[in-house]
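target-v9.cif (mmCIF, C-alpha atoms and all ligand atoms) appears below.
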```
data_target
#
loop_
_atom_site.group_PDB
_atom_site.id
_atom_site.type_symbol
_atom_site.label_atom_id
_atom_site.label_comp_id
_atom_site.auth_asym_id
_atom_site.auth_seq_id
_atom_site.Cartn_x
_atom_site.Cartn_y
_atom_site.Cartn_z
ATOM 1 C CA MET A 1406 3.246 -7.240 -17.585
ATOM 2 C CA ASP A 1407 0.250 -4.868 -17.337
ATOM 3 C CA HIS A 1408 -2.078 -4.027 -14.446
ATOM 4 C CA ARG A 1409 -4.592 -6.709 -15.421
ATOM 5 C CA GLU A 1410 -1.990 -9.452 -15.256
ATOM 6 C CA VAL A 1411 -0.699 -8.070 -11.939
ATOM 7 C CA GLY A 1412 -4.302 -8.165 -10.738
ATOM 8 C CA ARG A 1413 -4.507 -11.885 -11.453
ATOM 9 C CA TYR A 1414 -1.489 -12.482 -9.190
ATOM 10 C CA TRP A 1415 -3.153 -10.468 -6.428
ATOM 11 C CA ASP A 1416 -6.377 -12.395 -6.874
ATOM 12 C CA GLY A 1417 -4.355 -15.552 -6.221
ATOM 13 C CA ASN A 1418 -2.951 -13.990 -3.024
ATOM 14 C CA ALA A 1419 -6.262 -12.722 -1.682
ATOM 15 C CA ASP A 1420 -7.445 -15.679 0.410
ATOM 16 C CA ALA A 1421 -4.150 -16.337 2.221
ATOM 17 C CA TRP A 1422 -3.447 -12.602 2.617
ATOM 18 C CA THR A 1423 -6.869 -11.939 4.127
ATOM 19 C CA ARG A 1424 -6.584 -14.863 6.516
ATOM 20 C CA LEU A 1425 -3.080 -13.964 7.744
ATOM 21 C CA ALA A 1426 -3.655 -10.194 7.900
ATOM 22 C CA ARG A 1427 -6.880 -10.667 9.857
ATOM 23 C CA ALA A 1428 -5.015 -13.021 12.219
ATOM 24 C CA GLY A 1429 -2.642 -10.123 13.014
ATOM 25 C CA TYR A 1430 0.465 -11.151 11.053
ATOM 26 C CA ASP A 1431 0.744 -8.020 8.880
ATOM 27 C CA VAL A 1432 2.686 -6.486 11.773
ATOM 28 C CA TYR A 1433 4.515 -3.700 9.903
ATOM 29 C CA ARG A 1434 1.083 -2.460 8.819
ATOM 30 C CA ASP A 1435 -0.496 -2.729 12.243
ATOM 31 C CA ALA A 1436 2.462 -1.694 14.417
ATOM 32 C CA PHE A 1437 3.378 1.570 12.735
ATOM 33 C CA ASN A 1438 2.694 1.907 9.008
ATOM 34 C CA THR A 1439 -1.059 2.384 9.168
ATOM 35 C CA PRO A 1440 -0.959 4.347 12.468
ATOM 36 C CA ALA A 1441 1.537 6.775 10.884
ATOM 37 C CA PHE A 1442 -0.631 7.084 7.761
ATOM 38 C CA LEU A 1443 -3.674 7.907 9.871
ATOM 39 C CA ALA A 1444 -1.700 10.392 11.978
ATOM 40 C CA MET A 1445 -0.822 12.250 8.766
ATOM 41 C CA LEU A 1446 -4.360 12.086 7.325
ATOM 42 C CA PRO A 1447 -6.232 15.421 7.400
ATOM 43 C CA GLU A 1448 -9.734 15.670 8.865
ATOM 44 C CA VAL A 1449 -12.061 13.611 6.632
ATOM 45 C CA GLU A 1450 -15.306 13.619 8.596
ATOM 46 C CA GLY A 1451 -18.292 14.018 6.269
ATOM 47 C CA LEU A 1452 -16.101 13.886 3.136
ATOM 48 C CA LEU A 1453 -16.488 11.453 0.246
ATOM 49 C CA GLY A 1454 -13.318 9.394 -0.146
ATOM 50 C CA LEU A 1455 -11.960 6.786 -2.545
ATOM 51 C CA ASP A 1456 -9.597 4.079 -1.289
ATOM 52 C CA ILE A 1457 -7.503 2.664 -4.137
ATOM 53 C CA GLY A 1458 -6.255 -0.928 -3.852
ATOM 54 C CA CYS A 1459 -8.278 -1.598 -0.712
ATOM 55 C CA GLY A 1460 -7.462 -5.296 -0.400
ATOM 56 C CA GLU A 1461 -9.704 -6.913 2.222
ATOM 57 C CA GLY A 1462 -10.692 -3.457 3.458
ATOM 58 C CA HIS A 1463 -8.866 -3.149 6.795
ATOM 59 C CA ASN A 1464 -7.518 0.342 6.167
ATOM 60 C CA THR A 1465 -10.674 1.498 4.372
ATOM 61 C CA ARG A 1466 -12.634 0.635 7.507
ATOM 62 C CA LEU A 1467 -10.239 2.711 9.613
ATOM 63 C CA VAL A 1468 -10.726 5.747 7.350
ATOM 64 C CA ALA A 1469 -14.505 5.196 7.412
ATOM 65 C CA GLY A 1470 -14.189 5.093 11.200
ATOM 66 C CA ARG A 1471 -13.067 8.714 11.025
ATOM 67 C CA GLY A 1472 -16.433 9.685 9.618
ATOM 68 C CA ALA A 1473 -15.663 9.654 5.872
ATOM 69 C CA ARG A 1474 -18.095 8.142 3.371
ATOM 70 C CA MET A 1475 -15.930 5.647 1.526
ATOM 71 C CA VAL A 1476 -15.909 4.014 -1.878
ATOM 72 C CA ALA A 1477 -13.135 1.453 -2.300
ATOM 73 C CA VAL A 1478 -11.753 -0.331 -5.335
ATOM 74 C CA ASP A 1479 -9.417 -3.222 -5.883
ATOM 75 C CA VAL A 1480 -8.402 -4.993 -9.066
ATOM 76 C CA SER A 1481 -8.840 -8.366 -7.354
ATOM 77 C CA GLU A 1482 -12.358 -9.750 -7.255
ATOM 78 C CA ARG A 1483 -11.524 -12.081 -4.363
ATOM 79 C CA PHE A 1484 -10.162 -9.270 -2.210
ATOM 80 C CA VAL A 1485 -13.308 -7.248 -2.907
ATOM 81 C CA ARG A 1486 -15.423 -10.253 -1.953
ATOM 82 C CA HIS A 1487 -13.617 -10.516 1.422
ATOM 83 C CA ALA A 1488 -14.032 -6.790 2.000
ATOM 84 C CA GLY A 1489 -17.718 -6.927 1.061
ATOM 85 C CA ARG A 1490 -18.303 -9.799 3.450
ATOM 86 C CA ALA A 1491 -16.815 -7.761 6.322
ATOM 87 C CA GLU A 1492 -19.123 -4.881 5.368
ATOM 88 C CA GLY A 1493 -22.042 -7.330 5.453
ATOM 89 C CA GLU A 1494 -21.066 -8.369 8.985
ATOM 90 C CA GLN A 1495 -20.558 -4.830 10.254
ATOM 91 C CA ALA A 1496 -21.937 -2.115 8.018
ATOM 92 C CA LEU A 1497 -19.863 1.055 7.817
ATOM 93 C CA GLY A 1498 -21.474 2.307 4.627
ATOM 94 C CA ILE A 1499 -18.439 1.436 2.481
ATOM 95 C CA ARG A 1500 -19.154 0.682 -1.183
ATOM 96 C CA TYR A 1501 -16.628 -1.821 -2.569
ATOM 97 C CA GLN A 1502 -16.139 -2.283 -6.275
ATOM 98 C CA VAL A 1503 -13.851 -4.329 -8.515
ATOM 99 C CA ALA A 1504 -11.868 -1.862 -10.625
ATOM 100 C CA SER A 1505 -8.311 -1.129 -11.606
ATOM 101 C CA ALA A 1506 -6.689 2.072 -10.439
ATOM 102 C CA VAL A 1507 -5.566 2.555 -14.035
ATOM 103 C CA GLU A 1508 -9.173 2.951 -15.249
ATOM 104 C CA LEU A 1509 -11.253 4.380 -12.416
ATOM 105 C CA PRO A 1510 -14.955 3.963 -13.233
ATOM 106 C CA PHE A 1511 -15.964 7.341 -11.788
ATOM 107 C CA ARG A 1512 -16.853 10.709 -13.233
ATOM 108 C CA ASP A 1513 -14.488 13.681 -13.082
ATOM 109 C CA ALA A 1514 -14.287 15.535 -9.751
ATOM 110 C CA ALA A 1515 -16.373 12.930 -7.906
ATOM 111 C CA PHE A 1516 -14.349 12.697 -4.669
ATOM 112 C CA ASP A 1517 -13.160 15.020 -1.926
ATOM 113 C CA PHE A 1518 -10.096 12.905 -1.247
ATOM 114 C CA ALA A 1519 -8.394 9.614 -2.076
ATOM 115 C CA THR A 1520 -6.212 7.240 -0.100
ATOM 116 C CA SER A 1521 -4.067 4.364 -1.233
ATOM 117 C CA PHE A 1522 -2.294 2.142 1.255
ATOM 118 C CA MET A 1523 0.670 0.133 -0.078
ATOM 119 C CA CYS A 1524 -0.732 -0.389 -3.563
ATOM 120 C CA LEU A 1525 0.736 2.019 -6.101
ATOM 121 C CA MET A 1526 4.197 0.402 -6.202
ATOM 122 C CA ASP A 1527 2.412 -2.703 -7.531
ATOM 123 C CA VAL A 1528 0.975 -0.989 -10.586
ATOM 124 C CA PRO A 1529 3.184 -0.826 -13.694
ATOM 125 C CA GLU A 1530 1.209 2.113 -15.116
ATOM 126 C CA VAL A 1531 1.538 4.256 -11.989
ATOM 127 C CA GLU A 1532 1.766 7.501 -13.981
ATOM 128 C CA GLN A 1533 -1.684 6.728 -15.417
ATOM 129 C CA VAL A 1534 -3.023 5.925 -11.915
ATOM 130 C CA LEU A 1535 -1.902 9.314 -10.632
ATOM 131 C CA LYS A 1536 -3.563 11.042 -13.607
ATOM 132 C CA GLU A 1537 -6.772 9.056 -13.086
ATOM 133 C CA THR A 1538 -6.826 9.901 -9.395
ATOM 134 C CA HIS A 1539 -6.251 13.565 -10.188
ATOM 135 C CA ARG A 1540 -9.188 13.410 -12.624
ATOM 136 C CA VAL A 1541 -11.672 11.942 -10.122
ATOM 137 C CA LEU A 1542 -10.718 14.391 -7.348
ATOM 138 C CA LYS A 1543 -12.477 17.706 -6.884
ATOM 139 C CA PRO A 1544 -10.248 20.781 -7.185
ATOM 140 C CA GLY A 1545 -8.746 21.221 -3.723
ATOM 141 C CA GLY A 1546 -9.005 17.480 -3.025
ATOM 142 C CA PHE A 1547 -6.046 15.427 -1.875
ATOM 143 C CA LEU A 1548 -4.488 12.032 -2.482
ATOM 144 C CA GLN A 1549 -2.507 10.469 0.344
ATOM 145 C CA PHE A 1550 -0.629 7.252 -0.412
ATOM 146 C CA SER A 1551 1.970 4.926 1.059
ATOM 147 C CA ILE A 1552 4.475 2.809 -0.845
ATOM 148 C CA CYS A 1553 7.579 0.758 -0.148
ATOM 149 C CA HIS A 1554 10.374 3.301 0.214
ATOM 150 C CA PRO A 1555 12.081 3.466 -3.186
ATOM 151 C CA CYS A 1556 15.515 4.205 -1.672
ATOM 152 C CA PHE A 1557 15.545 1.180 0.611
ATOM 153 C CA ASP A 1558 13.324 -1.369 -1.127
ATOM 154 C CA THR A 1559 15.834 -1.644 -3.940
ATOM 155 C CA PRO A 1560 16.307 -4.559 -6.367
ATOM 156 C CA HIS A 1561 19.254 -5.654 -4.219
ATOM 157 C CA ARG A 1562 18.612 -5.531 -0.477
ATOM 158 C CA ARG A 1563 20.022 -7.471 2.446
ATOM 159 C CA ASN A 1564 19.547 -7.121 6.184
ATOM 160 C CA LEU A 1565 22.874 -7.097 8.025
ATOM 161 C CA ARG A 1566 22.452 -8.489 11.550
ATOM 162 C CA ASP A 1567 24.755 -8.728 14.546
ATOM 163 C CA ALA A 1568 25.324 -11.894 16.581
ATOM 164 C CA ALA A 1569 22.144 -11.228 18.579
ATOM 165 C CA GLY A 1570 20.103 -11.061 15.384
ATOM 166 C CA THR A 1571 19.587 -7.312 15.602
ATOM 167 C CA THR A 1572 19.638 -5.540 12.248
ATOM 168 C CA TYR A 1573 22.312 -2.828 12.254
ATOM 169 C CA ALA A 1574 22.320 -1.919 8.551
ATOM 170 C CA ILE A 1575 20.508 -2.557 5.313
ATOM 171 C CA GLU A 1576 22.639 -3.180 2.249
ATOM 172 C CA VAL A 1577 20.988 -1.643 -0.812
ATOM 173 C CA GLY A 1578 21.994 -1.727 -4.449
ATOM 174 C CA ASP A 1579 20.856 -1.664 -8.058
ATOM 175 C CA TYR A 1580 18.818 1.427 -7.182
ATOM 176 C CA PHE A 1581 18.785 2.516 -10.814
ATOM 177 C CA VAL A 1582 18.001 -0.947 -12.187
ATOM 178 C CA ARG A 1583 14.290 -1.234 -12.879
ATOM 179 C CA ARG A 1584 12.354 -4.298 -11.871
ATOM 180 C CA GLU A 1585 9.412 -4.707 -14.247
ATOM 181 C CA GLY A 1586 7.246 -7.509 -12.978
ATOM 182 C CA GLU A 1587 9.769 -9.881 -11.446
ATOM 183 C CA VAL A 1588 7.627 -12.197 -9.323
ATOM 184 C CA THR A 1589 8.663 -12.432 -5.664
ATOM 185 C CA GLU A 1590 7.357 -15.122 -3.332
ATOM 186 C CA TRP A 1591 6.893 -14.585 0.383
ATOM 187 C CA LEU A 1592 4.531 -14.685 3.352
ATOM 188 C CA PHE A 1593 4.272 -12.331 6.326
ATOM 189 C CA SER A 1594 7.467 -12.974 8.293
ATOM 190 C CA ALA A 1595 5.582 -12.745 11.606
ATOM 191 C CA ALA A 1596 3.350 -15.706 10.764
ATOM 192 C CA PRO A 1597 4.496 -18.902 12.505
ATOM 193 C CA PRO A 1598 4.614 -22.195 10.555
ATOM 194 C CA GLU A 1599 1.336 -23.407 12.075
ATOM 195 C CA ALA A 1600 -0.432 -20.320 10.687
ATOM 196 C CA THR A 1601 0.965 -20.708 7.189
ATOM 197 C CA GLU A 1602 0.722 -24.489 6.909
ATOM 198 C CA GLY A 1603 -0.962 -25.435 3.655
ATOM 199 C CA LEU A 1604 -1.106 -21.844 2.435
ATOM 200 C CA PRO A 1605 0.479 -20.942 -0.888
ATOM 201 C CA LYS A 1606 3.111 -18.205 -0.764
ATOM 202 C CA PHE A 1607 2.067 -14.765 -1.959
ATOM 203 C CA ARG A 1608 3.261 -14.172 -5.517
ATOM 204 C CA VAL A 1609 3.823 -10.467 -6.009
ATOM 205 C CA PRO A 1610 5.116 -8.947 -9.249
ATOM 206 C CA ARG A 1611 7.640 -6.304 -8.326
ATOM 207 C CA PHE A 1612 8.157 -2.930 -9.986
ATOM 208 C CA THR A 1613 10.744 -0.438 -8.835
ATOM 209 C CA ARG A 1614 11.152 3.262 -9.490
ATOM 210 C CA THR A 1615 13.579 5.789 -8.100
ATOM 211 C CA LEU A 1616 12.564 8.548 -5.718
ATOM 212 C CA ASN A 1617 12.783 11.226 -8.403
ATOM 213 C CA GLU A 1618 10.574 9.143 -10.717
ATOM 214 C CA TRP A 1619 7.905 8.929 -8.002
ATOM 215 C CA LEU A 1620 8.009 12.627 -7.194
ATOM 216 C CA ASN A 1621 8.013 13.648 -10.851
ATOM 217 C CA ALA A 1622 5.064 11.326 -11.558
ATOM 218 C CA VAL A 1623 3.105 13.067 -8.784
ATOM 219 C CA LEU A 1624 3.991 16.522 -10.150
ATOM 220 C CA ASN A 1625 3.411 15.550 -13.802
ATOM 221 C CA ALA A 1626 -0.110 14.386 -12.931
ATOM 222 C CA GLY A 1627 -0.851 17.954 -11.874
ATOM 223 C CA PHE A 1628 -0.602 17.580 -8.097
ATOM 224 C CA LEU A 1629 1.126 19.851 -5.612
ATOM 225 C CA LEU A 1630 3.199 17.946 -3.084
ATOM 226 C CA GLU A 1631 1.947 18.785 0.397
ATOM 227 C CA ARG A 1632 3.503 16.453 2.971
ATOM 228 C CA VAL A 1633 6.103 13.683 3.094
ATOM 229 C CA GLU A 1634 6.683 11.221 5.952
ATOM 230 C CA GLU A 1635 8.995 8.239 6.496
ATOM 231 C CA PRO A 1636 7.425 6.321 9.379
ATOM 232 C CA ARG A 1637 9.433 4.210 11.783
ATOM 233 C CA PRO A 1638 8.501 2.232 14.863
ATOM 234 C CA SER A 1639 9.196 3.733 18.291
ATOM 235 C CA ASP A 1640 11.230 1.805 20.881
ATOM 236 C CA ALA A 1641 7.977 0.996 22.694
ATOM 237 C CA VAL A 1642 6.522 -0.482 19.487
ATOM 238 C CA VAL A 1643 9.677 -2.547 18.940
ATOM 239 C CA ARG A 1644 9.389 -3.899 22.483
ATOM 240 C CA GLU A 1645 5.851 -5.022 21.668
ATOM 241 C CA TYR A 1646 6.666 -6.263 18.133
ATOM 242 C CA PRO A 1647 10.394 -7.162 18.091
ATOM 243 C CA GLY A 1648 10.122 -8.282 14.450
ATOM 244 C CA VAL A 1649 9.841 -4.693 13.211
ATOM 245 C CA GLN A 1650 13.185 -3.571 14.717
ATOM 246 C CA ASP A 1651 14.793 -3.499 11.268
ATOM 247 C CA ALA A 1652 12.440 -0.662 10.295
ATOM 248 C CA GLN A 1653 14.264 1.578 12.795
ATOM 249 C CA VAL A 1654 17.464 1.294 10.752
ATOM 250 C CA VAL A 1655 16.192 2.736 7.468
ATOM 251 C CA ALA A 1656 12.782 3.925 6.246
ATOM 252 C CA TYR A 1657 10.783 1.000 4.879
ATOM 253 C CA PHE A 1658 7.817 3.096 3.806
ATOM 254 C CA LEU A 1659 7.233 6.444 2.162
ATOM 255 C CA HIS A 1660 4.033 8.427 2.726
ATOM 256 C CA LEU A 1661 3.132 11.264 0.385
ATOM 257 C CA ARG A 1662 0.199 13.635 0.393
ATOM 258 C CA CYS A 1663 -0.472 15.706 -2.700
ATOM 259 C CA ARG A 1664 -3.279 18.064 -3.604
ATOM 260 C CA LYS A 1665 -5.144 18.929 -6.792
ATOM 261 C CA PRO A 1666 -4.929 22.720 -7.065
HETATM 262 C C1 LIG B 1701 -0.109 -4.759 -0.480
HETATM 263 S S1 LIG B 1701 -1.817 -4.951 -0.852
HETATM 264 C C2 LIG B 1701 -2.472 -3.646 0.172
HETATM 265 C C3 LIG B 1701 -3.934 -3.829 0.474
HETATM 266 C C4 LIG B 1701 -4.533 -2.787 1.413
HETATM 267 N N1 LIG B 1701 -4.528 -1.455 0.850
HETATM 268 C C5 LIG B 1701 -3.812 -2.789 2.736
HETATM 269 O O1 LIG B 1701 -3.145 -1.795 3.063
HETATM 270 O O2 LIG B 1701 -3.932 -3.775 3.479
HETATM 271 C C6 LIG B 1701 -1.898 -4.248 -2.493
HETATM 272 C C7 LIG B 1701 -3.306 -4.212 -3.048
HETATM 273 O O3 LIG B 1701 -3.298 -3.494 -4.275
HETATM 274 C C8 LIG B 1701 -4.211 -4.133 -5.160
HETATM 275 N N2 LIG B 1701 -3.878 -3.742 -6.530
HETATM 276 C C9 LIG B 1701 -2.801 -4.086 -7.284
HETATM 277 N N3 LIG B 1701 -2.887 -3.527 -8.497
HETATM 278 C C10 LIG B 1701 -4.043 -2.805 -8.522
HETATM 279 C C11 LIG B 1701 -4.706 -2.016 -9.509
HETATM 280 N N4 LIG B 1701 -4.195 -1.841 -10.717
HETATM 281 N N5 LIG B 1701 -5.871 -1.419 -9.178
HETATM 282 C C12 LIG B 1701 -6.418 -1.593 -7.951
HETATM 283 N N6 LIG B 1701 -5.865 -2.352 -6.992
HETATM 284 C C13 LIG B 1701 -4.688 -2.946 -7.273
HETATM 285 C C14 LIG B 1701 -4.005 -5.602 -4.872
HETATM 286 O O4 LIG B 1701 -5.052 -6.408 -5.343
HETATM 287 C C15 LIG B 1701 -3.901 -5.586 -3.342
HETATM 288 O O5 LIG B 1701 -5.156 -5.693 -2.747
#
```
Turn the structure described in the file into structure tokens.
Amino acid sequence: MDHREVGRYWDGNADAWTRLARAGYDVYRDAFNTPAFLAMLPEVEGLLGLDIGCGEGHNTRLVAGRGARMVAVDVSERFVRHAGRAEGEQALGIRYQVASAVELPFRDAAFDFATSFMCLMDVPEVEQVLKETHRVLKPGGFLQFSICHPCFDTPHRRNLRDAAGTTYAIEVGDYFVRREGEVTEWLFSAAPPEATEGLPKFRVPRFTRTLNEWLNAVLNAGFLLERVEEPRPSDAVVREYPGVQDAQVVAYFLHLRCRKP
């Protein structure tokens, strides 16, 4: 399965995803994943940034809110349409474009920085994406991206819960077994049945890589690794969003920032 075929799956997810995420059911994103990403993001005011795999644009808008001039791409036309509509309703100066991260339609050294929120683990040709991103960044520019944590989002994974339903461990396995496009079906776990009624499940082709493969791909693209974070929700966040308690047990997400020398 290549990035174009993956893109068709995402296009099929775009309407339901946009509706549920905008209704507040992407709680891991909203409760701590995006806040942690933004806490790690360097000053971007006045800089020209590229957001890769922008989806309906929620996180792009947050980066634009920090004063960056943003261009955003997504392989899914429907996601880009939703994002463009939001820009039409409240203009932040973001330019959205349908494009695959594998073939960025920009000249060399066009951007001061790039972001990618929870997208790169969905692209089979991730090595090529990192090289493309390196190409379109100015020397000294950075890429900051988040992905599912490769050590804990393994082909085999099971939440182990106590009698009260509290997760106390995550069973992981098959770490070294690659998934290459196995289609998983799910919806945001926080969405109640009345919110998901009539909606098709998301169909997401899954690709897995080990931690060393990710880090080596970053280095092989010519980047220097600058910062690594493994965000988790605080106790206060878990009190507000009890559904994210399991993300206190192991790291669900990995955030990396790397720089083009
Ligand atoms: C999990 S969603 C994340 C969306 C958004 N960044 C967010 O944080 O809400 C993954 C996104 O990556 C996009 N995507 C997948 N493969 C891509 C590719 N090759 N190029 C660009 N975008 C891609 C999907 O269409 C989808 O919008």
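Distance annotation: of A:His1539, A:His1660, A:Arg1614, A:Arg1644, the residue with the minimal separation from Leu1629 (chain A) is A:His1539; atom set is all atoms listed in the file.
The residues returned by the PyMOL selection byres (((not hetatm)) within 6 of (chain B and resi 1701)) for this structure are His1408, Gly1412, Trp1415, Ile1457, Gly1458, Cys1459, Gly1460, His1463, Asn1464, Asp1479, Val1480, Ser1481, Ser1505, Ala1506, Val1507, Phe1522, Met1523, Cys1524, Asp1527 and Val1528 of chain A.
The nearest approach to Glu1631 (chain A) among the residues A:Leu1565, A:Met1445, A:Arg1471, A:Ala1514, with all atoms listed in the file taken into account, belongs to A:Met1445.
With distances taken from (-4.7, 14.7, -1.3) and restricted to all atoms listed in the file, the residues inside 6 Å are Phe1518, Gly1546, Phe1547, Leu1548, Gln1549, Arg1662, Cys1663 and Arg1664 of chain A.
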(request) Name the residues in contact with Leu1497 (chain A) at a cut-off of 12 Å, using only C-alpha atoms, excluding same-chain residues fewer than 6 positions from it; report them as a VMD selection string. (result) chain A and resid 1462 to 1463 1465 to 1476 1488 to 1491
Please list as a PDB file with C-alpha atoms, keeping the file's coordinate frame every residue within 10 Å of Ala1419 (chain A), counting all atoms listed in the file and excluding residues in the same chain fewer than 3 positions away.
```pdb
ATOM      1  CA  ARG A1413      -4.507 -11.885 -11.453  1.00  0.00           C
ATOM      2  CA  TYR A1414      -1.489 -12.482  -9.190  1.00  0.00           C
ATOM      3  CA  TRP A1415      -3.153 -10.468  -6.428  1.00  0.00           C
ATOM      4  CA  ASP A1416      -6.377 -12.395  -6.874  1.00  0.00           C
ATOM      5  CA  TRP A1422      -3.447 -12.602   2.617  1.00  0.00           C
ATOM      6  CA  THR A1423      -6.869 -11.939   4.127  1.00  0.00           C
ATOM      7  CA  ARG A1424      -6.584 -14.863   6.516  1.00  0.00           C
ATOM      8  CA  GLY A1460      -7.462  -5.296  -0.400  1.00  0.00           C
ATOM      9  CA  GLU A1461      -9.704  -6.913   2.222  1.00  0.00           C
ATOM     10  CA  SER A1481      -8.840  -8.366  -7.354  1.00  0.00           C
ATOM     11  CA  GLU A1482     -12.358  -9.750  -7.255  1.00  0.00           C
ATOM     12  CA  ARG A1483     -11.524 -12.081  -4.363  1.00  0.00           C
ATOM     13  CA  PHE A1484     -10.162  -9.270  -2.210  1.00  0.00           C
ATOM     14  CA  VAL A1485     -13.308  -7.248  -2.907  1.00  0.00           C
ATOM     15  CA  ARG A1486     -15.423 -10.253  -1.953  1.00  0.00           C
ATOM     16  CA  HIS A1487     -13.617 -10.516   1.422  1.00  0.00           C
ATOM     17  CA  PHE A1607       2.067 -14.765  -1.959  1.00  0.00           C
TER      18      PHE A1607
END
```
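Evaluated on this file, the PyMOL selection byres (((chain A and resi 1658) around 8) and not hetatm) matches A:Asn1438, A:Ser1551, A:Ile1552, A:Cys1553, A:His1554, A:Glu1635, A:Pro1636, A:Ala1656, A:Tyr1657, A:Leu1659, A:His1660.
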Can you tell me, as a PDB file with C-alpha atoms, in the coordinates of the input, what residues are no more than 6 Å from Arg1562 (chain A) when counting only C-alpha atoms, ignoring any on the same chain fewer than 3 positions away?
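Output file result_9.pdb is given in full below:
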```pdb
ATOM      1  CA  THR A1559      15.834  -1.644  -3.940  1.00  0.00           C
ATOM      2  CA  GLU A1576      22.639  -3.180   2.249  1.00  0.00           C
ATOM      3  CA  VAL A1577      20.988  -1.643  -0.812  1.00  0.00           C
TER       4      VAL A1577
END
```
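Nearest to Thr1572 (chain A) of all the residues A:Ala1428, A:Val1534, A:Val1654, A:Val1643 is A:Val1654, counting all atoms listed in the file.
Separating CA of Phe1516 (chain A) from CA of Pro1440 (chain A) is a distance of 23.3 Å.
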(request) Could you please determine the separation between CA of Glu1492 (chain A) and CA of Thr1439 (chain A) in Å, to one decimal place? (result) 19.8 Å
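A distance cut-off of 7 Å around (18.4, 0.2, -5.9), counting only C-alpha atoms, selects these protein and nucleic acid residues: Cys1556, Thr1559, Pro1560, His1561, Val1577, Gly1578, Asp1579, Tyr1580, Phe1581 and Val1582 of chain A.
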(request) Between A:Phe1511, A:Phe1612, A:Phe1550, A:Phe1557, single out the one closest to Leu1661 (chain A), counting all atoms listed in the file. (result) A:Phe1550
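Of the residues under consideration (A:Ile1499, A:Pro1447, A:Leu1535, A:Asp1513), A:Leu1535 shows the shortest atom-to-atom contact distance to Trp1619 (chain A) when counting all atoms listed in the file.
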Could you complete region 1625-1635 of chain A so that it carries N, CA, C and O atoms, and give it back as an mmCIF file, in the frame of the given file?
```cif
data_model
loop_
_atom_site.group_PDB
_atom_site.id
_atom_site.type_symbol
_atom_site.label_atom_id
_atom_site.label_comp_id
_atom_site.auth_asym_id
_atom_site.auth_seq_id
_atom_site.Cartn_x
_atom_site.Cartn_y
_atom_site.Cartn_z
ATOM 1 N N ASN A 1625 3.872 15.580 -12.403
ATOM 2 C CA ASN A 1625 3.411 15.550 -13.802
ATOM 3 C C ASN A 1625 1.913 15.295 -13.916
ATOM 4 O O ASN A 1625 1.281 15.651 -14.916
ATOM 5 N N ALA A 1626 1.339 14.641 -12.907
ATOM 6 C CA ALA A 1626 -0.110 14.386 -12.931
ATOM 7 C C ALA A 1626 -0.891 15.660 -12.603
ATOM 8 O O ALA A 1626 -2.119 15.676 -12.715
ATOM 9 N N GLY A 1627 -0.182 16.684 -12.158
ATOM 10 C CA GLY A 1627 -0.851 17.954 -11.874
ATOM 11 C C GLY A 1627 -1.038 18.240 -10.397
ATOM 12 O O GLY A 1627 -1.705 19.213 -10.026
ATOM 13 N N PHE A 1628 -0.462 17.385 -9.545
ATOM 14 C CA PHE A 1628 -0.602 17.580 -8.097
ATOM 15 C C PHE A 1628 0.459 18.536 -7.549
ATOM 16 O O PHE A 1628 1.556 18.660 -8.111
ATOM 17 N N LEU A 1629 0.127 19.139 -6.420
ATOM 18 C CA LEU A 1629 1.126 19.851 -5.612
ATOM 19 C C LEU A 1629 1.488 18.931 -4.455
ATOM 20 O O LEU A 1629 0.600 18.344 -3.830
ATOM 21 N N LEU A 1630 2.766 18.803 -4.193
ATOM 22 C CA LEU A 1630 3.199 17.946 -3.084
ATOM 23 C C LEU A 1630 2.996 18.715 -1.782
ATOM 24 O O LEU A 1630 3.414 19.867 -1.660
ATOM 25 N N GLU A 1631 2.348 18.053 -0.805
ATOM 26 C CA GLU A 1631 1.947 18.785 0.397
ATOM 27 C C GLU A 1631 2.645 18.294 1.657
ATOM 28 O O GLU A 1631 2.933 19.075 2.569
ATOM 29 N N ARG A 1632 2.920 16.990 1.727
ATOM 30 C CA ARG A 1632 3.503 16.453 2.971
ATOM 31 C C ARG A 1632 4.210 15.137 2.650
ATOM 32 O O ARG A 1632 3.739 14.355 1.819
ATOM 33 N N VAL A 1633 5.330 14.908 3.305
ATOM 34 C CA VAL A 1633 6.103 13.683 3.094
ATOM 35 C C VAL A 1633 6.486 13.135 4.460
ATOM 36 O O VAL A 1633 6.964 13.887 5.313
ATOM 37 N N GLU A 1634 6.271 11.844 4.685
ATOM 38 C CA GLU A 1634 6.683 11.221 5.952
ATOM 39 C C GLU A 1634 7.383 9.899 5.659
ATOM 40 O O GLU A 1634 7.113 9.239 4.652
ATOM 41 N N GLU A 1635 8.289 9.524 6.565
ATOM 42 C CA GLU A 1635 8.995 8.239 6.496
ATOM 43 C C GLU A 1635 8.832 7.578 7.864
ATOM 44 O O GLU A 1635 9.639 7.781 8.767
#
```
